[in-house]
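Asker: Here you go, upload23.txt (compact mmCIF, C-alpha atoms and all ligand atoms):
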```txt
# COMPACT_ATOMS: atom_id res chain seq x y z
CA MET A 1 22.68 28.30 49.53
CA GLU A 2 26.03 28.40 51.26
CA ASN A 3 29.46 27.34 50.21
CA LEU A 4 29.04 27.82 46.46
CA ASP A 5 31.84 27.96 43.94
CA LYS A 6 31.81 30.30 40.96
CA ASN A 7 29.50 27.95 39.05
CA ASN A 8 26.90 27.89 41.79
CA VAL A 9 27.75 24.35 42.69
CA PRO A 10 28.20 23.48 46.36
CA GLN A 11 31.85 22.90 47.03
CA GLN A 12 31.07 19.70 48.92
CA ALA A 13 29.85 18.20 45.67
CA MET A 14 32.92 19.14 43.65
CA ARG A 15 35.11 16.10 43.29
CA GLY A 16 38.16 16.26 45.49
CA ARG A 17 37.67 19.87 46.41
CA GLU A 18 37.22 19.06 50.07
CA ASN A 19 40.86 18.10 50.02
CA PHE A 20 42.94 21.22 50.62
CA LEU A 21 45.87 20.12 48.48
CA LYS A 22 43.69 19.15 45.52
CA LYS A 23 41.85 22.42 45.84
CA ILE A 24 45.10 24.37 45.55
CA ILE A 25 46.24 22.25 42.59
CA LYS A 26 42.96 22.51 40.72
CA SER A 27 42.75 26.25 41.22
CA ASN A 28 45.99 26.64 39.27
CA LYS A 29 45.49 25.46 35.69
CA ALA A 30 49.17 25.12 34.81
CA LEU A 31 50.03 23.29 38.03
CA HIS A 32 47.01 21.01 37.60
CA ALA A 33 48.07 20.15 34.05
CA LEU A 34 51.65 19.46 35.16
CA ILE A 35 50.67 17.15 38.04
CA TYR A 36 48.07 15.44 35.89
CA LYS A 37 50.68 14.82 33.18
CA ILE A 38 53.09 13.30 35.68
CA LEU A 39 50.61 11.11 37.54
CA ARG A 40 48.18 10.07 34.79
CA CYS A 41 50.02 10.43 31.52
CA ASN A 42 53.47 9.09 32.26
CA ARG A 43 54.16 5.56 31.02
CA PHE A 44 56.73 4.84 33.71
CA VAL A 45 54.37 5.91 36.50
CA PHE A 46 51.61 3.82 34.91
CA ILE A 47 53.80 0.70 34.81
CA LEU A 48 54.99 1.27 38.35
CA ARG A 49 51.45 1.79 39.62
CA ASN A 50 50.33 -1.49 38.11
CA SER A 51 53.45 -3.55 38.71
CA ARG A 52 51.91 -5.61 41.50
CA LEU A 53 48.52 -5.98 39.87
CA ASN A 54 47.34 -9.48 39.06
CA THR A 55 45.46 -9.00 35.82
CA ASP A 56 44.30 -12.64 35.87
CA SER A 57 42.19 -12.22 39.01
CA LEU A 58 38.54 -11.21 38.92
CA PHE A 59 37.54 -7.73 37.76
CA GLU A 60 36.82 -5.25 40.55
CA THR A 61 34.22 -3.09 38.85
CA ILE A 62 31.67 -3.57 36.12
CA ALA A 63 30.01 -1.05 33.84
CA ILE A 64 26.65 -2.15 32.53
CA GLU A 65 25.51 0.02 29.65
CA THR A 66 21.78 -0.29 30.27
CA CYS A 67 21.10 2.50 27.77
CA SER A 68 23.17 3.52 24.76
CA ILE A 69 21.02 6.53 23.88
CA CYS A 70 22.13 10.06 24.72
CA ASN A 71 20.29 13.37 24.53
CA ARG A 72 23.49 15.37 23.95
CA LYS A 73 26.01 15.62 21.15
CA CYS A 74 29.27 16.53 22.83
CA SER A 75 32.15 17.24 20.48
CA PHE A 76 34.49 15.10 22.61
CA CYS A 77 32.27 12.00 22.41
CA PRO A 78 32.20 9.58 19.44
CA MET A 79 28.41 9.42 19.75
CA ASN A 80 28.16 12.82 18.09
CA GLN A 81 29.12 11.38 14.70
CA ASP A 82 27.65 7.88 14.99
CA THR A 83 24.35 7.25 13.26
CA THR A 84 23.96 3.55 14.07
CA PRO A 85 20.82 2.65 16.04
CA LYS A 86 21.01 2.98 19.83
CA GLY A 87 18.81 1.34 22.39
CA LEU A 88 18.24 -0.20 25.77
CA MET A 89 19.72 -3.39 27.12
CA SER A 90 17.04 -6.06 27.32
CA ASN A 91 15.70 -7.06 30.74
CA GLU A 92 16.77 -10.64 30.04
CA LEU A 93 20.35 -9.58 29.42
CA PHE A 94 20.44 -7.40 32.52
CA ASP A 95 19.07 -10.26 34.64
CA LYS A 96 21.63 -12.64 33.14
CA ILE A 97 24.48 -10.34 34.15
CA ILE A 98 23.18 -10.01 37.71
CA ARG A 99 22.68 -13.78 37.96
CA GLU A 100 26.22 -14.42 36.77
CA LEU A 101 27.68 -11.79 39.12
CA LYS A 102 25.88 -13.52 41.96
CA GLU A 103 27.26 -16.89 40.92
CA ILE A 104 30.83 -15.58 41.15
CA SER A 105 30.11 -13.66 44.39
CA PHE A 106 31.11 -10.38 42.79
CA LYS A 107 31.67 -7.75 45.48
CA GLY A 108 32.81 -4.78 43.40
CA ASP A 109 31.06 -1.65 42.20
CA VAL A 110 28.28 -1.74 39.63
CA ALA A 111 28.02 1.28 37.34
CA PHE A 112 25.12 1.80 34.94
CA SER A 113 27.39 3.66 32.58
CA ASN A 114 29.55 3.64 29.53
CA TYR A 115 28.16 5.54 26.56
CA GLY A 116 24.58 6.81 26.71
CA GLU A 117 22.72 8.74 29.37
CA PRO A 118 21.55 6.29 32.07
CA LEU A 119 18.65 8.47 33.18
CA LEU A 120 16.98 8.01 29.80
CA ASP A 121 16.29 4.48 30.98
CA LYS A 122 13.12 4.42 33.03
CA ARG A 123 14.08 1.07 34.58
CA ILE A 124 17.04 2.56 36.42
CA VAL A 125 15.31 2.58 39.83
CA ASP A 126 14.22 -1.05 39.43
CA PHE A 127 17.71 -2.03 38.27
CA THR A 128 19.18 -0.37 41.34
CA LYS A 129 16.80 -2.29 43.59
CA LYS A 130 17.70 -5.51 41.83
CA VAL A 131 21.44 -5.04 42.28
CA LYS A 132 20.95 -4.13 45.93
CA LYS A 133 18.69 -7.12 46.56
CA GLU A 134 20.67 -9.73 44.63
CA LEU A 135 24.25 -8.54 45.18
CA GLY A 136 24.25 -5.75 47.75
CA ASN A 137 27.07 -3.93 45.93
CA ARG A 138 27.58 -0.20 45.54
CA VAL A 139 25.66 1.25 42.60
CA MET A 140 26.61 4.34 40.64
CA PHE A 141 26.46 6.01 37.26
CA SER A 142 27.82 8.96 35.33
CA THR A 143 25.21 11.41 34.13
CA ASN A 144 25.06 14.74 32.36
CA GLY A 145 22.48 15.70 34.98
CA ASP A 146 19.86 16.82 32.44
CA PHE A 147 17.23 14.50 33.91
CA LEU A 148 18.41 14.39 37.48
CA THR A 149 15.48 16.09 39.14
CA PRO A 150 15.37 16.24 42.95
CA GLN A 151 12.54 13.70 42.78
CA LYS A 152 14.51 11.21 40.68
CA PHE A 153 17.56 11.78 42.85
CA ARG A 154 15.63 10.89 46.02
CA GLU A 155 13.85 7.99 44.36
CA LEU A 156 17.21 6.48 43.46
CA ILE A 157 18.65 7.05 46.93
CA SER A 158 15.61 5.32 48.44
CA ALA A 159 16.29 2.40 46.09
CA GLY A 160 19.81 2.16 47.52
CA PHE A 161 21.77 4.14 44.92
CA ASP A 162 25.24 5.17 46.17
CA ILE A 163 27.11 7.62 43.92
CA PHE A 164 25.94 10.07 41.26
CA HIS A 165 28.88 11.18 39.10
CA VAL A 166 27.44 14.34 37.62
CA SER A 167 29.32 16.03 34.77
CA GLN A 168 28.72 19.59 33.73
CA HIS A 169 29.34 19.91 30.00
CA ASP A 170 28.48 23.58 29.55
CA SER A 171 30.18 26.73 30.81
CA GLU A 172 27.39 27.16 33.33
CA PRO A 173 25.54 24.44 35.24
CA SER A 174 22.22 23.62 33.57
CA LYS A 175 18.92 24.64 35.12
CA THR A 176 18.33 21.04 36.24
CA ILE A 177 21.67 20.97 38.03
CA LYS A 178 20.99 24.30 39.71
CA ASP A 179 17.58 23.00 40.75
CA LEU A 180 19.12 19.83 42.09
CA PHE A 181 21.39 21.73 44.42
CA SER A 182 18.88 24.36 45.44
CA LYS A 183 16.14 21.83 46.22
CA THR A 184 18.17 19.24 48.07
CA SER A 185 19.98 19.55 51.37
CA PRO A 186 23.76 19.60 52.01
CA GLN A 187 23.33 16.21 53.75
CA GLU A 188 22.12 14.77 50.45
CA TRP A 189 25.05 16.20 48.44
CA LYS A 190 27.29 13.51 49.86
CA TYR A 191 25.87 11.22 47.16
CA ILE A 192 27.09 13.53 44.40
CA SER A 193 30.51 13.72 42.84
CA TYR A 194 30.56 16.75 40.58
CA GLU A 195 32.94 17.43 37.75
CA ILE A 196 33.21 19.92 34.91
CA VAL A 197 34.01 18.17 31.62
CA LYS A 198 34.08 20.46 28.62
CA ASN A 199 35.70 20.57 25.17
CA ASP A 200 38.85 22.13 26.56
CA SER A 201 39.28 19.77 29.56
CA VAL A 202 42.80 18.38 29.59
CA THR A 203 41.55 15.10 31.04
CA LEU A 204 39.79 14.10 27.80
CA THR A 205 41.00 11.29 25.57
CA ASN A 206 40.72 11.07 21.79
CA ARG A 207 38.53 7.97 22.28
CA GLY A 208 40.82 5.61 20.45
CA GLY A 209 41.42 8.16 17.71
CA LEU A 210 37.76 8.92 17.04
CA VAL A 211 37.54 12.51 18.22
CA GLU A 212 39.85 15.47 18.09
CA VAL A 213 40.54 16.92 21.48
CA LYS A 214 43.40 18.57 23.25
CA THR A 215 44.82 15.66 25.20
CA TYR A 216 47.89 14.74 27.20
CA TYR A 217 47.19 11.06 26.45
CA PRO A 218 46.26 9.83 29.92
CA PHE A 219 46.39 6.15 30.83
CA TYR A 220 42.78 5.24 31.54
CA CYS A 221 43.41 1.61 30.70
CA ALA A 222 40.87 -0.63 32.39
CA LEU A 223 42.84 -3.50 33.83
CA ARG A 224 40.37 -4.55 36.54
CA HIS A 225 37.20 -3.22 35.01
CA VAL A 226 34.83 -4.94 32.62
CA ILE A 227 32.26 -3.28 30.38
CA VAL A 228 29.10 -4.85 29.01
CA ARG A 229 27.51 -2.87 26.20
CA ALA A 230 23.75 -2.53 25.73
CA ASN A 231 23.86 -5.18 22.98
CA GLY A 232 25.77 -7.65 25.15
CA GLU A 233 29.24 -7.10 23.65
CA VAL A 234 32.09 -7.00 26.16
CA SER A 235 34.57 -4.12 25.80
CA PHE A 236 38.12 -4.14 27.09
CA CYS A 237 38.20 -0.35 27.44
CA CYS A 238 35.65 2.47 27.53
CA ASN A 239 37.55 4.05 24.64
CA ASP A 240 36.64 1.17 22.35
CA TYR A 241 33.40 2.79 21.24
CA TYR A 242 32.88 0.56 18.18
CA ASN A 243 33.99 -2.64 19.91
CA GLU A 244 36.89 -2.94 17.56
CA VAL A 245 38.44 -5.62 19.80
CA LYS A 246 36.13 -8.62 19.66
CA LEU A 247 36.05 -10.40 23.00
CA GLY A 248 32.59 -11.92 22.99
CA ASN A 249 28.94 -11.31 23.67
CA ILE A 250 27.24 -12.33 26.87
CA LYS A 251 24.15 -13.31 24.90
CA GLN A 252 26.13 -16.37 23.85
CA GLU A 253 28.74 -16.74 26.58
CA LYS A 254 29.21 -16.26 30.28
CA LEU A 255 30.83 -13.03 31.37
CA ILE A 256 33.44 -14.83 33.44
CA ASP A 257 34.39 -17.01 30.47
CA ILE A 258 34.92 -13.92 28.33
CA TRP A 259 37.00 -12.28 31.09
CA ASN A 260 39.20 -15.38 31.27
CA LYS A 261 39.71 -15.78 27.51
CA PRO A 262 43.40 -15.99 26.53
CA LEU A 263 43.06 -12.97 24.23
CA TYR A 264 41.54 -10.79 26.96
CA ARG A 265 44.15 -11.94 29.50
CA GLN A 266 46.93 -11.23 27.05
CA ILE A 267 45.64 -7.72 26.34
CA ARG A 268 45.42 -6.87 30.05
CA ASN A 269 48.82 -8.34 30.75
CA GLU A 270 50.53 -6.48 27.93
CA ILE A 271 48.88 -3.16 28.76
CA LYS A 272 49.87 -3.53 32.41
CA ARG A 273 53.49 -3.71 31.23
CA GLY A 274 53.06 -0.67 29.01
CA ILE A 275 52.91 -2.67 25.77
CA PHE A 276 50.31 -1.27 23.40
CA ASN A 277 50.03 -3.57 20.42
CA LEU A 278 46.41 -2.96 19.55
CA PRO A 279 45.81 -0.37 16.81
CA ILE A 280 43.15 1.31 18.95
CA CYS A 281 45.67 1.73 21.80
CA LYS A 282 48.22 3.15 19.39
CA ARG A 283 45.71 5.72 18.17
CA CYS A 284 44.63 6.43 21.73
CA ARG A 285 48.26 7.13 22.67
CA GLY A 286 48.91 9.25 19.60
CA ILE A 287 51.32 6.66 18.09
CA LEU A 288 49.02 6.13 15.09
CA PRO A 289 46.99 8.91 13.48
CA GLN A 290 43.27 9.45 14.12
CA LYS A 291 40.80 7.11 12.45
CA SER A 292 39.49 8.69 9.26
S1 LIG A 301 42.39 2.37 24.27
FE1 LIG A 301 44.18 1.23 25.04
S2 LIG A 301 45.68 2.79 25.55
FE2 LIG A 301 43.71 3.83 25.39
S3 LIG A 301 42.92 3.87 27.49
FE3 LIG A 301 42.11 2.06 26.46
S4 LIG A 301 43.51 0.41 26.99
FE4 LIG A 301 44.58 2.35 27.42
```
Go through the file and emit its structure as structure tokens.
Answerer:
Amino acid sequence: MENLDKNNVPQQAMRGRENFLKKIIKSNKALHALIYKILRCNRFVFILRNSRLNTDSLFETIAIETCSICNRKCSFCPMNQDTTPKGLMSNELFDKIIRELKEISFKGDVAFSNYGEPLLDKRIVDFTKKVKKELGNRVMFSTNGDFLTPQKFRELISAGFDIFHVSQHDSEPSKTIKDLFSKTSPQEWKYISYEIVKNDSVTLTNRGGLVEVKTYYPFYCALRHVIVRANGEVSFCCNDYYNEVKLGNIKQEKLIDIWNKPLYRQIRNEIKRGIFNLPICKRCRGILPQKS
């Protein structure tokens, strides 16, 4: 295999590493942390970046949590301490979301992600085909790569899958990840965006005060992104693991009606202006202490 980095991962698959400037920045830990702090963790930059955003218009991306089960217990994920039952989204619910997205002519990206490992859901290939057939949008997910065999990878690509965000959570890439790169061709790597996310990654958040991590408190606020959990609950932010902010459930309501609710609009509008009134946001930003 050619063009490998120190972790035996093809450089083409490493997110942003094709870009010379990013490569220089990422190779220097202190410089990377400094630039990250300025661009992602600065309130003024965040407000400026979003100043022209219309938070009342339709969301641009949707995360559909088809599976809330995970095979790992990462220290930086609230799932590691949660014992409540996990499961799969029902087929009926998934179909309802797709139907409603079609009704509103949704053109954005569809991600089978949130919490949970999407490849534990055997329906993922069929779901991809359904999105492609009914909506034609880009389809992606974030995976720990533990079940991403070359066969599954190719099966998904044949179904129309667009982007695999693969995260390495160990010091070394897992055997499955090594296999994936050694048994697929460089032409196929264009579908993969590879990232190393470990306990000491500075890009982690404290998940609304649920986990203890070293963090610079980045602004990952989802102003144009909607999340539907496996049980149908709608989340305003991926950091709201326990759905502390009650917006509604698509089992009872339409997704677009939930998106347009005054409470949801108000939250997006305030956050856009750098106003963080919700307790979860205050914990996420280190203004309130961790949740005990
Ligand atoms: S919890 Fe609030 S402050 Fe934290 S990323 Fe989400 S929206 Fe932003």
Asker: Counting only C-alpha atoms and all ligand atoms, what are the residues, protein, DNA or RNA alike, that approach ligand LIG 301 (chain A) to within 6 Å? I want them as number ranges by chain.
Answerer: A: 208, 219-221, 237, 239, 280-281, 284-285
Asker: Keeping only C-alpha atoms, take the residues you just selected and write them out as an mmCIF file, in the frame of the given file.
Answerer:
```cif
data_model
loop_
_atom_site.group_PDB
_atom_site.id
_atom_site.type_symbol
_atom_site.label_atom_id
_atom_site.label_comp_id
_atom_site.auth_asym_id
_atom_site.auth_seq_id
_atom_site.Cartn_x
_atom_site.Cartn_y
_atom_site.Cartn_z
ATOM 1 C CA GLY A 208 40.820 5.610 20.450
ATOM 2 C CA PHE A 219 46.390 6.150 30.830
ATOM 3 C CA TYR A 220 42.780 5.240 31.540
ATOM 4 C CA CYS A 221 43.410 1.610 30.700
ATOM 5 C CA CYS A 237 38.200 -0.350 27.440
ATOM 6 C CA ASN A 239 37.550 4.050 24.640
ATOM 7 C CA ILE A 280 43.150 1.310 18.950
ATOM 8 C CA CYS A 281 45.670 1.730 21.800
ATOM 9 C CA CYS A 284 44.630 6.430 21.730
ATOM 10 C CA ARG A 285 48.260 7.130 22.670
#
```
Asker: Just checking: using all atoms listed in the file, which residue out of A:Gln81, A:Thr128, A:Ser171, A:Asn137 ends up closest to Ser158 of chain A?
Answerer: A:Thr128
Asker: Which distance in Å separates atom CA of Pro85 of chain A and atom CA of Thr143 of chain A, to one decimal?
Answerer: 20.6 Å
Asker: Could you tell me which of A:Arg273, A:Glu117, A:Val197, A:Lys291 comes closest to Leu48 of chain A if we count only C-alpha atoms?
Answerer: A:Arg273
Asker: Using only C-alpha atoms, can you tell me which of A:Asp170, A:Arg123, A:Lys37, A:His225 comes closest to Lys152 of chain A?
Answerer: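 Going through A:Asp170, A:Arg123, A:Lys37, A:His225 one by one, the smallest distance to Lys152 of chain A is for A:Arg123.
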Asker: Find, counting only C-alpha atoms, the residue in A:Asn54, A:Asn277, A:Gln168, A:Asn42 that gets nearest to Asn199 of chain A.
Answerer: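 Smallest distance to Asn199 of chain A is found for A:Gln168.
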Asker: Using all atoms listed in the file, determine which residues lie at most 8 Å from Tyr216 of chain A, disregarding the query and same-chain residues fewer than 3 positions distant; provide the list as a list in words.
Answerer: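 Contacts, with the query itself left out: Lys37, Cys41, Val202, Thr203 and Thr205 of chain A.
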Asker: Report, in Å with one decimal, the straight-line distance from atom CA of Ser174 of chain A to atom CA of Cys70 of chain A.
Answerer: 16.2 Å
Asker: Just to confirm, what's the straight-line distance from atom CA of Asn144 of chain A to atom CA of Thr184 of chain A in Å (one decimal)?
Answerer: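 Separation between atom CA of Asn144 of chain A and atom CA of Thr184 of chain A: 17.7 Å.
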Asker: Find the residues with any atom within 12 Å of (20.6, -10.8, 29.8); use all atoms listed in the file and the coordinates as given in the file, and write the answer as an mmCIF file with C-alpha atoms, keeping the file's coordinate frame.
Answerer:
```
data_model
loop_
_atom_site.group_PDB
_atom_site.id
_atom_site.type_symbol
_atom_site.label_atom_id
_atom_site.label_comp_id
_atom_site.auth_asym_id
_atom_site.auth_seq_id
_atom_site.Cartn_x
_atom_site.Cartn_y
_atom_site.Cartn_z
ATOM 1 C CA ILE A 64 26.650 -2.150 32.530
ATOM 2 C CA GLU A 65 25.510 0.020 29.650
ATOM 3 C CA THR A 66 21.780 -0.290 30.270
ATOM 4 C CA LEU A 88 18.240 -0.200 25.770
ATOM 5 C CA MET A 89 19.720 -3.390 27.120
ATOM 6 C CA SER A 90 17.040 -6.060 27.320
ATOM 7 C CA ASN A 91 15.700 -7.060 30.740
ATOM 8 C CA GLU A 92 16.770 -10.640 30.040
ATOM 9 C CA LEU A 93 20.350 -9.580 29.420
ATOM 10 C CA PHE A 94 20.440 -7.400 32.520
ATOM 11 C CA ASP A 95 19.070 -10.260 34.640
ATOM 12 C CA LYS A 96 21.630 -12.640 33.140
ATOM 13 C CA ILE A 97 24.480 -10.340 34.150
ATOM 14 C CA ILE A 98 23.180 -10.010 37.710
ATOM 15 C CA ARG A 99 22.680 -13.780 37.960
ATOM 16 C CA GLU A 100 26.220 -14.420 36.770
ATOM 17 C CA LEU A 101 27.680 -11.790 39.120
ATOM 18 C CA VAL A 228 29.100 -4.850 29.010
ATOM 19 C CA ARG A 229 27.510 -2.870 26.200
ATOM 20 C CA ALA A 230 23.750 -2.530 25.730
ATOM 21 C CA ASN A 231 23.860 -5.180 22.980
ATOM 22 C CA GLY A 232 25.770 -7.650 25.150
ATOM 23 C CA GLU A 233 29.240 -7.100 23.650
ATOM 24 C CA ASN A 249 28.940 -11.310 23.670
ATOM 25 C CA ILE A 250 27.240 -12.330 26.870
ATOM 26 C CA LYS A 251 24.150 -13.310 24.900
ATOM 27 C CA GLN A 252 26.130 -16.370 23.850
ATOM 28 C CA GLU A 253 28.740 -16.740 26.580
ATOM 29 C CA LYS A 254 29.210 -16.260 30.280
ATOM 30 C CA LEU A 255 30.830 -13.030 31.370
#
```
Asker: With distances taken over all atoms listed in the file, which of A:Lys29, A:Arg265, A:Lys132, A:Lys282 is nearest to Ser201 of chain A?
Answerer: A:Lys29
